[in-house]
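**Student:** What follows is the file start_15.txt, containing compact mmCIF, C-alpha atoms:
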```
# COMPACT_ATOMS: atom_id res chain seq x y z
CA MET K 208 0.00 0.00 0.00
CA LYS K 209 2.83 2.42 0.87
CA GLN K 210 4.45 1.84 -2.51
CA ARG K 211 1.15 2.41 -4.31
CA LEU K 212 0.61 5.71 -2.48
CA ILE K 213 4.14 6.91 -3.24
CA THR K 214 3.74 6.02 -6.91
CA ALA K 215 0.36 7.78 -7.04
CA ALA K 216 1.86 10.92 -5.47
CA VAL K 217 4.73 10.95 -7.96
CA GLY K 218 2.28 10.34 -10.81
CA PHE K 219 0.16 13.33 -9.78
CA ALA K 220 3.27 15.47 -9.50
CA VAL K 221 4.11 14.62 -13.11
CA LEU K 222 0.54 14.82 -14.43
CA ILE K 223 -0.27 18.26 -13.01
CA PRO K 224 2.34 20.20 -15.03
CA VAL K 225 1.41 18.19 -18.16
CA LEU K 226 -2.21 19.32 -17.75
CA LEU K 227 -1.22 22.89 -16.85
CA PHE K 228 0.84 23.14 -20.03
CA SER K 229 -1.51 21.03 -22.13
CA ASP K 230 -1.78 23.80 -24.73
CA THR K 231 1.93 23.43 -25.49
CA ILE K 232 4.06 20.68 -27.00
CA VAL K 233 4.32 19.06 -23.55
CA LEU K 234 1.00 17.21 -23.89
CA PRO K 235 1.65 15.64 -27.34
CA ILE K 236 5.12 14.53 -26.27
CA ALA K 237 3.81 12.93 -23.06
CA LEU K 238 0.95 11.13 -24.81
CA ALA K 239 3.15 9.95 -27.68
CA LEU K 240 5.49 8.45 -25.09
CA PHE K 241 2.65 6.78 -23.21
CA ALA K 242 1.15 5.42 -26.44
CA ALA K 243 4.47 3.88 -27.49
CA ILE K 244 4.97 2.35 -24.03
CA GLY K 245 1.39 1.02 -24.08
CA VAL K 246 1.97 -0.69 -27.43
CA TRP K 247 5.33 -2.01 -26.19
CA GLU K 248 3.56 -3.54 -23.17
CA MET K 249 0.80 -5.03 -25.29
CA LEU K 250 3.26 -6.65 -27.69
CA GLY K 251 5.07 -8.09 -24.69
CA CYS K 252 1.78 -9.48 -23.40
CA ILE K 253 1.01 -11.09 -26.77
CA GLY K 254 4.59 -12.40 -27.00
CA LEU K 255 5.65 -10.47 -30.10
CA ARG K 256 8.09 -7.94 -28.67
CA LYS K 257 11.04 -9.76 -30.23
CA ARG K 258 9.49 -9.56 -33.68
CA LEU K 259 11.15 -6.38 -34.92
CA ASP K 260 9.10 -6.41 -38.12
CA VAL K 261 6.03 -6.05 -35.89
CA LEU K 262 7.51 -3.99 -33.07
CA ILE K 263 9.10 -1.15 -35.07
CA PRO K 264 6.10 -0.09 -37.23
CA SER K 265 3.78 -0.42 -34.24
CA LEU K 266 5.93 1.84 -32.07
CA LEU K 267 6.43 4.36 -34.86
CA ALA K 268 2.71 4.60 -35.60
CA SER K 269 1.70 4.79 -31.94
CA ALA K 270 4.22 7.55 -31.14
CA ALA K 271 3.85 9.60 -34.33
CA LEU K 272 0.08 9.98 -34.37
CA PRO K 273 -0.52 11.49 -30.89
CA PHE K 274 2.47 13.78 -31.38
CA SER K 275 1.36 15.02 -34.78
CA ALA K 276 -2.33 15.36 -33.84
CA ARG K 277 -2.13 18.97 -32.72
CA TYR K 278 -0.17 20.26 -35.68
CA VAL K 279 -1.59 18.29 -38.61
CA THR K 280 -5.24 18.94 -37.70
CA GLU K 281 -4.62 22.65 -38.19
CA TYR K 282 -4.42 21.93 -41.91
CA VAL K 283 -6.64 18.90 -42.53
CA GLY K 284 -9.24 18.99 -39.73
CA THR K 285 -10.04 16.57 -36.91
CA ILE K 286 -12.24 14.18 -38.89
CA SER K 287 -9.73 13.82 -41.73
CA TYR K 288 -6.95 13.26 -39.26
CA THR K 289 -8.93 10.57 -37.42
CA LEU K 290 -9.57 8.77 -40.71
CA ALA K 291 -5.86 9.05 -41.45
CA ILE K 292 -5.09 7.32 -38.15
CA ILE K 293 -7.31 4.39 -39.09
CA GLY K 294 -5.73 4.27 -42.54
CA VAL K 295 -2.18 4.23 -41.17
CA VAL K 296 -2.89 1.47 -38.67
CA MET K 297 -4.73 -0.58 -41.31
CA PHE K 298 -1.66 -0.27 -43.52
CA VAL K 299 0.46 -1.50 -40.61
CA TYR K 300 -1.89 -4.47 -40.19
CA MET K 301 -1.63 -5.39 -43.89
CA TYR K 302 2.13 -5.05 -43.53
CA TYR K 303 2.07 -7.56 -40.66
CA LEU K 304 0.24 -10.15 -42.73
CA LEU K 305 2.35 -9.64 -45.86
CA CYS K 306 5.66 -9.57 -44.00
CA ASP K 307 4.71 -12.67 -42.04
CA SER K 308 3.77 -14.58 -45.17
CA VAL K 309 6.90 -13.61 -47.09
CA VAL K 310 9.57 -13.38 -44.39
CA SER K 311 8.40 -15.61 -41.54
CA LYS K 312 6.48 -18.21 -43.55
CA GLY K 313 3.28 -17.80 -41.55
CA LYS K 314 4.74 -18.04 -38.04
CA LEU K 315 2.58 -15.15 -36.86
CA SER K 316 -0.98 -16.38 -36.44
CA VAL K 317 -3.86 -14.43 -37.92
CA LEU K 318 -5.31 -14.15 -34.40
CA ASP K 319 -2.14 -12.54 -33.05
CA SER K 320 -1.90 -10.27 -36.11
CA SER K 321 -5.48 -9.16 -35.62
CA LEU K 322 -4.97 -8.52 -31.91
CA VAL K 323 -1.85 -6.48 -32.62
CA PHE K 324 -3.80 -4.45 -35.17
CA LEU K 325 -6.80 -3.88 -32.90
CA THR K 326 -4.81 -3.05 -29.79
CA THR K 327 -2.41 -0.74 -31.65
CA LEU K 328 -5.41 1.05 -33.15
CA TYR K 329 -7.17 1.14 -29.78
CA ILE K 330 -4.19 2.49 -27.85
CA THR K 331 -3.18 4.98 -30.54
CA ILE K 332 -6.66 6.42 -31.03
CA GLY K 333 -7.15 6.59 -27.26
CA PHE K 334 -4.08 8.72 -26.58
CA THR K 335 -4.48 10.74 -29.78
CA SER K 336 -8.06 11.56 -28.82
CA ILE K 337 -6.84 13.27 -25.66
CA VAL K 338 -4.77 15.69 -27.75
CA LEU K 339 -7.64 16.31 -30.20
CA LEU K 340 -10.08 16.77 -27.31
CA ARG K 341 -7.83 19.35 -25.67
CA ASP K 342 -7.78 21.43 -28.83
CA LEU K 343 -11.57 21.67 -29.14
CA PRO K 344 -13.58 24.54 -27.60
CA HIS K 345 -13.65 24.07 -23.80
CA GLY K 346 -10.93 21.47 -24.28
CA ASN K 347 -9.15 22.58 -21.11
CA LEU K 348 -12.21 21.36 -19.20
CA MET K 349 -13.02 18.33 -21.32
CA ILE K 350 -9.56 16.84 -20.88
CA LEU K 351 -10.06 16.90 -17.11
CA LEU K 352 -13.34 14.99 -17.49
CA VAL K 353 -11.40 12.13 -19.07
CA PHE K 354 -9.38 11.63 -15.90
CA ILE K 355 -12.25 12.42 -13.53
CA GLY K 356 -14.43 9.85 -15.27
CA ALA K 357 -11.83 7.10 -15.04
CA TRP K 358 -10.64 7.78 -11.49
CA VAL K 359 -14.03 8.43 -9.88
CA THR K 360 -15.57 5.37 -11.53
CA ASP K 361 -12.70 3.15 -10.45
CA GLY K 362 -12.57 4.47 -6.89
CA ALA K 363 -16.33 4.54 -6.33
CA ALA K 364 -16.81 1.07 -7.81
CA TYR K 365 -14.13 -0.27 -5.46
CA PHE K 366 -15.51 1.27 -2.27
CA VAL K 367 -19.20 0.69 -3.08
CA GLY K 368 -18.38 -2.88 -4.06
CA ARG K 369 -16.48 -3.45 -0.82
CA ALA K 370 -19.35 -2.04 1.23
CA PHE K 371 -22.40 -3.40 -0.58
CA GLY K 372 -21.24 -5.81 -3.27
CA LYS K 373 -22.96 -9.18 -3.26
CA HIS K 374 -23.41 -10.05 -6.92
CA LYS K 375 -20.37 -10.67 -9.11
CA LEU K 376 -20.19 -8.70 -12.34
CA ILE K 377 -18.03 -10.92 -14.59
CA PRO K 378 -16.10 -13.24 -12.24
CA ASP K 379 -14.23 -15.01 -15.05
CA VAL K 380 -12.66 -11.71 -16.10
CA SER K 381 -12.43 -9.76 -12.83
CA PRO K 382 -13.41 -11.79 -9.74
CA LYS K 383 -13.59 -8.83 -7.34
CA LYS K 384 -15.89 -6.58 -9.37
CA THR K 385 -19.56 -6.54 -8.44
CA ILE K 386 -22.78 -5.30 -10.00
CA GLU K 387 -23.34 -3.03 -7.00
CA GLY K 388 -19.87 -1.56 -7.44
CA ALA K 389 -20.47 -0.96 -11.15
CA VAL K 390 -23.73 0.87 -10.44
CA GLY K 391 -22.08 2.88 -7.67
CA GLY K 392 -19.23 3.84 -10.00
CA SER K 393 -21.70 5.13 -12.59
CA VAL K 394 -23.75 7.13 -10.08
CA PHE K 395 -20.74 8.78 -8.48
CA CYS K 396 -19.18 9.50 -11.88
CA ALA K 397 -22.33 11.35 -12.95
CA LEU K 398 -22.34 13.29 -9.67
CA ALA K 399 -18.65 14.14 -10.08
CA PHE K 400 -19.31 15.42 -13.61
CA VAL K 401 -22.11 17.67 -12.35
CA VAL K 402 -20.03 19.02 -9.46
CA PHE K 403 -17.09 19.68 -11.76
CA GLY K 404 -19.34 21.32 -14.35
CA LEU K 405 -20.92 23.65 -11.80
CA ALA K 406 -17.53 24.51 -10.30
CA ALA K 407 -16.08 25.18 -13.76
CA GLY K 408 -19.03 27.46 -14.46
CA LYS K 409 -18.18 29.53 -11.39
CA LEU K 410 -14.47 29.74 -12.18
CA THR K 411 -14.54 30.17 -15.96
CA ALA K 412 -16.72 31.70 -18.64
CA SER K 413 -18.20 28.29 -19.43
CA THR K 414 -21.68 27.05 -18.56
CA ALA K 415 -22.32 23.37 -17.85
CA ASN K 416 -25.48 21.87 -19.33
CA VAL K 417 -26.61 19.73 -16.41
CA ILE K 418 -28.71 17.16 -18.26
CA GLU K 419 -26.01 16.55 -20.86
CA THR K 420 -23.40 16.40 -18.10
CA ILE K 421 -25.32 13.71 -16.21
CA ILE K 422 -25.86 11.66 -19.37
CA ALA K 423 -22.19 11.99 -20.31
CA GLY K 424 -21.12 10.98 -16.80
CA LEU K 425 -23.24 7.83 -16.83
CA ILE K 426 -22.08 6.76 -20.29
CA VAL K 427 -18.44 7.61 -19.57
CA SER K 428 -18.57 5.45 -16.45
CA VAL K 429 -19.90 2.48 -18.40
CA ILE K 430 -17.24 2.92 -21.08
CA SER K 431 -14.57 3.27 -18.39
CA GLN K 432 -15.58 -0.06 -16.88
CA PHE K 433 -15.65 -1.71 -20.30
CA GLY K 434 -12.11 -0.46 -20.94
CA ASP K 435 -10.96 -1.90 -17.63
CA LEU K 436 -12.64 -5.24 -18.28
CA ILE K 437 -11.25 -5.54 -21.82
CA ALA K 438 -7.72 -4.94 -20.55
CA SER K 439 -8.26 -7.54 -17.81
CA LEU K 440 -9.66 -10.03 -20.32
CA ILE K 441 -6.54 -9.78 -22.51
CA LYS K 442 -4.26 -10.18 -19.48
CA ARG K 443 -6.13 -13.27 -18.32
CA HIS K 444 -6.03 -14.76 -21.79
CA TYR K 445 -2.25 -14.48 -21.90
CA GLY K 446 -1.75 -15.35 -18.23
CA ILE K 447 -0.08 -12.19 -16.93
CA LYS K 448 -0.80 -10.12 -13.83
CA ASP K 449 0.30 -6.68 -15.06
CA TYR K 450 1.19 -5.25 -18.45
CA GLY K 451 4.33 -3.59 -17.14
CA LYS K 452 6.24 -2.23 -14.16
CA LEU K 453 6.50 1.46 -15.02
CA PHE K 454 4.37 2.42 -12.03
CA PRO K 455 5.50 0.36 -9.00
CA GLY K 456 2.51 -1.13 -7.24
CA HIS K 457 0.18 -0.11 -10.08
CA GLY K 458 1.56 -1.95 -13.11
CA GLY K 459 2.24 -0.44 -16.50
CA VAL K 460 0.70 2.18 -18.78
CA MET K 461 -2.01 -0.21 -19.92
CA ASP K 462 -2.87 -1.05 -16.31
CA ARG K 463 -3.31 2.63 -15.38
CA PHE K 464 -4.66 4.09 -18.62
CA ASP K 465 -6.96 1.28 -19.77
CA SER K 466 -10.09 3.24 -18.86
CA ILE K 467 -8.74 6.61 -19.96
CA ILE K 468 -8.02 5.51 -23.53
CA ALA K 469 -11.53 4.07 -23.72
CA ILE K 470 -13.17 7.29 -22.49
CA ALA K 471 -11.26 9.85 -24.57
CA PRO K 472 -12.54 8.82 -28.04
CA PHE K 473 -16.14 8.86 -26.80
CA LEU K 474 -15.86 12.37 -25.38
CA LEU K 475 -14.14 13.49 -28.57
CA MET K 476 -17.00 12.15 -30.68
CA ILE K 477 -19.75 13.88 -28.73
CA CYS K 478 -17.82 17.15 -28.46
CA ALA K 479 -17.20 17.19 -32.20
CA PHE K 480 -20.95 17.84 -32.69
CA PRO K 481 -21.81 20.57 -30.13
CA GLU K 482 -25.04 21.41 -31.93
CA ILE K 483 -26.34 17.97 -30.96
CA PHE K 484 -24.73 17.36 -27.58
CA ALA K 485 -22.73 19.92 -25.59
CA ILE K 486 -21.50 19.44 -22.02
CA PHE K 487 -20.21 23.03 -21.88
CA SER K 488 -21.44 26.07 -23.71
```
Taking this structure as input, can you express it in the form of structure tokens?
**Tutor:**
Amino acid sequence: MKQRLITAAVGFAVLIPVLLFSDTIVLPIALALFAAIGVWEMLGCIGLRKRLDVLIPSLLASAALPFSARYVTEYVGTISYTLAIIGVVMFVYMYYLLCDSVVSKGKLSVLDSSLVFLTTLYITIGFTSIVLLRDLPHGNLMILLVFIGAWVTDGAAYFVGRAFGKHKLIPDVSPKKTIEGAVGGSVFCALAFVVFGLAAGKLTASTANVIETIIAGLIVSVISQFGDLIASLIKRHYGIKDYGKLFPGHGGVMDRFDSIIAIAPFLLMICAFPEIFAIFS
């Protein structure tokens, strides 16, 4: 427990300046680094880290896209850039299959190739979405909701589950998670969104739309829990406890950011159409 608290304190000390200077190059650099580490961890989990023909293009794509997000979108727009991300990662996937057939004579299974493709796409889009979200109107507030949604859901689900949990959620994937904890995580996430929105309205020129904020909080919490469960499912499939050791007592990037990279694309999607759904106005 002591190690976990120390790591959490150090993590906050690093995260705070990244968020404070999120309108500078600091944020893209940090997220590009985290994306590359996340892909590195995932390839290690799948057992393909020694395959340089897989490792190198995956790392290059995962690091380049979050870093370039801020500067390329100025010229091509957010939607075009997002489509470009999908196109690049699809090209990488086709490269995997072709390279494996020609060079390795089919040693890389189609299942592993597909998982590498999907996880590289998932991780890359997740971290890239944080950069794109920050650069939208009210992005300085929206980026905070990504972390609030993940942390409040996780913490509330844990404590509510400990106090009231009786019915297991998906015991084969995560034995300690309960239905009561999941519901509690969603309720407290929605409340946290409303409190943050009202506080932001007092401190900034923004106005939180309460109904939209509650809806977003509930959906974000569900997505956060899905992200956590998906990451746990992959770990269980490959028989590992943690993806990495970057954060002592907490695991690796994919152990700590599994919910965050699930939430960010969703918030980006709804904020891209403010005329339909706007948390802040």
**Student:** So, counting all atoms listed in the file, which residue among K:Val246, K:Leu475, K:Leu290, K:Ala485 is closest to Arg341 of chain K?
**Tutor:**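 Selected residue with least distance to Arg341 of chain K: K:Leu475.
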**Student:** Write out as a compact mmCIF listing (two decimals) with C-alpha atoms, in the coordinates of the input which residues come within 7 Å of segment 428-434 of chain K when counting all atoms listed in the file, dropping same-chain ones fewer than 5 positions away.
**Tutor:**
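Output saved as selection05.txt:
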```txt
# COMPACT_ATOMS: atom_id res chain seq x y z
CA GLY K 356 -14.43 9.85 -15.27
CA ALA K 357 -11.83 7.10 -15.04
CA THR K 360 -15.57 5.37 -11.53
CA GLY K 392 -19.23 3.84 -10.00
CA SER K 393 -21.70 5.13 -12.59
CA CYS K 396 -19.18 9.50 -11.88
CA ASP K 465 -6.96 1.28 -19.77
CA SER K 466 -10.09 3.24 -18.86
CA ILE K 467 -8.74 6.61 -19.96
CA ALA K 469 -11.53 4.07 -23.72
CA ILE K 470 -13.17 7.29 -22.49
```
**Student:** So what do you get for atom CA of Ala216 of chain K versus atom CA of Phe395 of chain K, distance-wise?
**Tutor:** 22.9 Å
**Student:** At a cut-off of 12 Å, using all atoms listed in the file, what residues contact Val367 of chain K? Leave out same-chain residues fewer than 3 positions from it and give the result as a PyMOL selection string.
**Tutor:** chain K and resi 359-364+370-373+383-395
**Student:** Excluding same-chain residues fewer than 3 positions from segment 268-274 of chain K, what lies within 8 Å of it counting all atoms listed in the file, as an MDAnalysis selection string?
**Tutor:** chainID K and resid 235:236 238:240 242:243 246 264:265 277 292 295:296 327 330:332 334:336 338
**Student:** Since fewer atoms than expected are present, regenerate N, CA and C atoms for segment 234-253 of chain K and write them as a compact mmCIF listing (two decimals), in the coordinates of the input.
**Tutor:**
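Output file part.txt is given in full below:
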```txt
# COMPACT_ATOMS: atom_id res chain seq x y z
N LEU K 234 2.05 18.24 -23.86
CA LEU K 234 1.00 17.21 -23.89
C LEU K 234 1.20 16.20 -25.02
N PRO K 235 1.41 16.63 -26.28
CA PRO K 235 1.65 15.64 -27.34
C PRO K 235 2.86 14.76 -27.08
N ILE K 236 3.93 15.33 -26.55
CA ILE K 236 5.12 14.53 -26.27
C ILE K 236 4.81 13.47 -25.22
N ALA K 237 4.13 13.87 -24.14
CA ALA K 237 3.81 12.93 -23.06
C ALA K 237 2.91 11.81 -23.55
N LEU K 238 1.90 12.14 -24.34
CA LEU K 238 0.95 11.13 -24.81
C LEU K 238 1.55 10.24 -25.88
N ALA K 239 2.44 10.79 -26.71
CA ALA K 239 3.15 9.95 -27.68
C ALA K 239 4.01 8.93 -26.95
N LEU K 240 4.66 9.36 -25.88
CA LEU K 240 5.49 8.45 -25.09
C LEU K 240 4.64 7.37 -24.44
N PHE K 241 3.52 7.76 -23.85
CA PHE K 241 2.65 6.78 -23.21
C PHE K 241 2.06 5.80 -24.23
N ALA K 242 1.70 6.29 -25.41
CA ALA K 242 1.15 5.42 -26.44
C ALA K 242 2.17 4.38 -26.87
N ALA K 243 3.42 4.82 -27.08
CA ALA K 243 4.47 3.88 -27.49
C ALA K 243 4.73 2.85 -26.40
N ILE K 244 4.75 3.29 -25.14
CA ILE K 244 4.97 2.35 -24.03
C ILE K 244 3.80 1.38 -23.94
N GLY K 245 2.57 1.89 -24.13
CA GLY K 245 1.39 1.02 -24.08
C GLY K 245 1.44 -0.07 -25.14
N VAL K 246 1.85 0.30 -26.36
CA VAL K 246 1.97 -0.69 -27.43
C VAL K 246 3.11 -1.66 -27.13
N TRP K 247 4.21 -1.15 -26.60
CA TRP K 247 5.33 -2.01 -26.19
C TRP K 247 4.87 -3.05 -25.17
N GLU K 248 4.08 -2.62 -24.19
CA GLU K 248 3.56 -3.54 -23.17
C GLU K 248 2.61 -4.56 -23.78
N MET K 249 1.75 -4.12 -24.68
CA MET K 249 0.80 -5.03 -25.29
C MET K 249 1.49 -6.08 -26.14
N LEU K 250 2.51 -5.68 -26.88
CA LEU K 250 3.26 -6.65 -27.69
C LEU K 250 3.99 -7.65 -26.80
N GLY K 251 4.46 -7.17 -25.64
CA GLY K 251 5.07 -8.09 -24.69
C GLY K 251 4.06 -9.08 -24.14
N CYS K 252 2.84 -8.60 -23.89
CA CYS K 252 1.78 -9.48 -23.40
C CYS K 252 1.45 -10.55 -24.44
N ILE K 253 1.36 -10.15 -25.70
CA ILE K 253 1.01 -11.09 -26.77
C ILE K 253 2.18 -12.01 -27.10
```
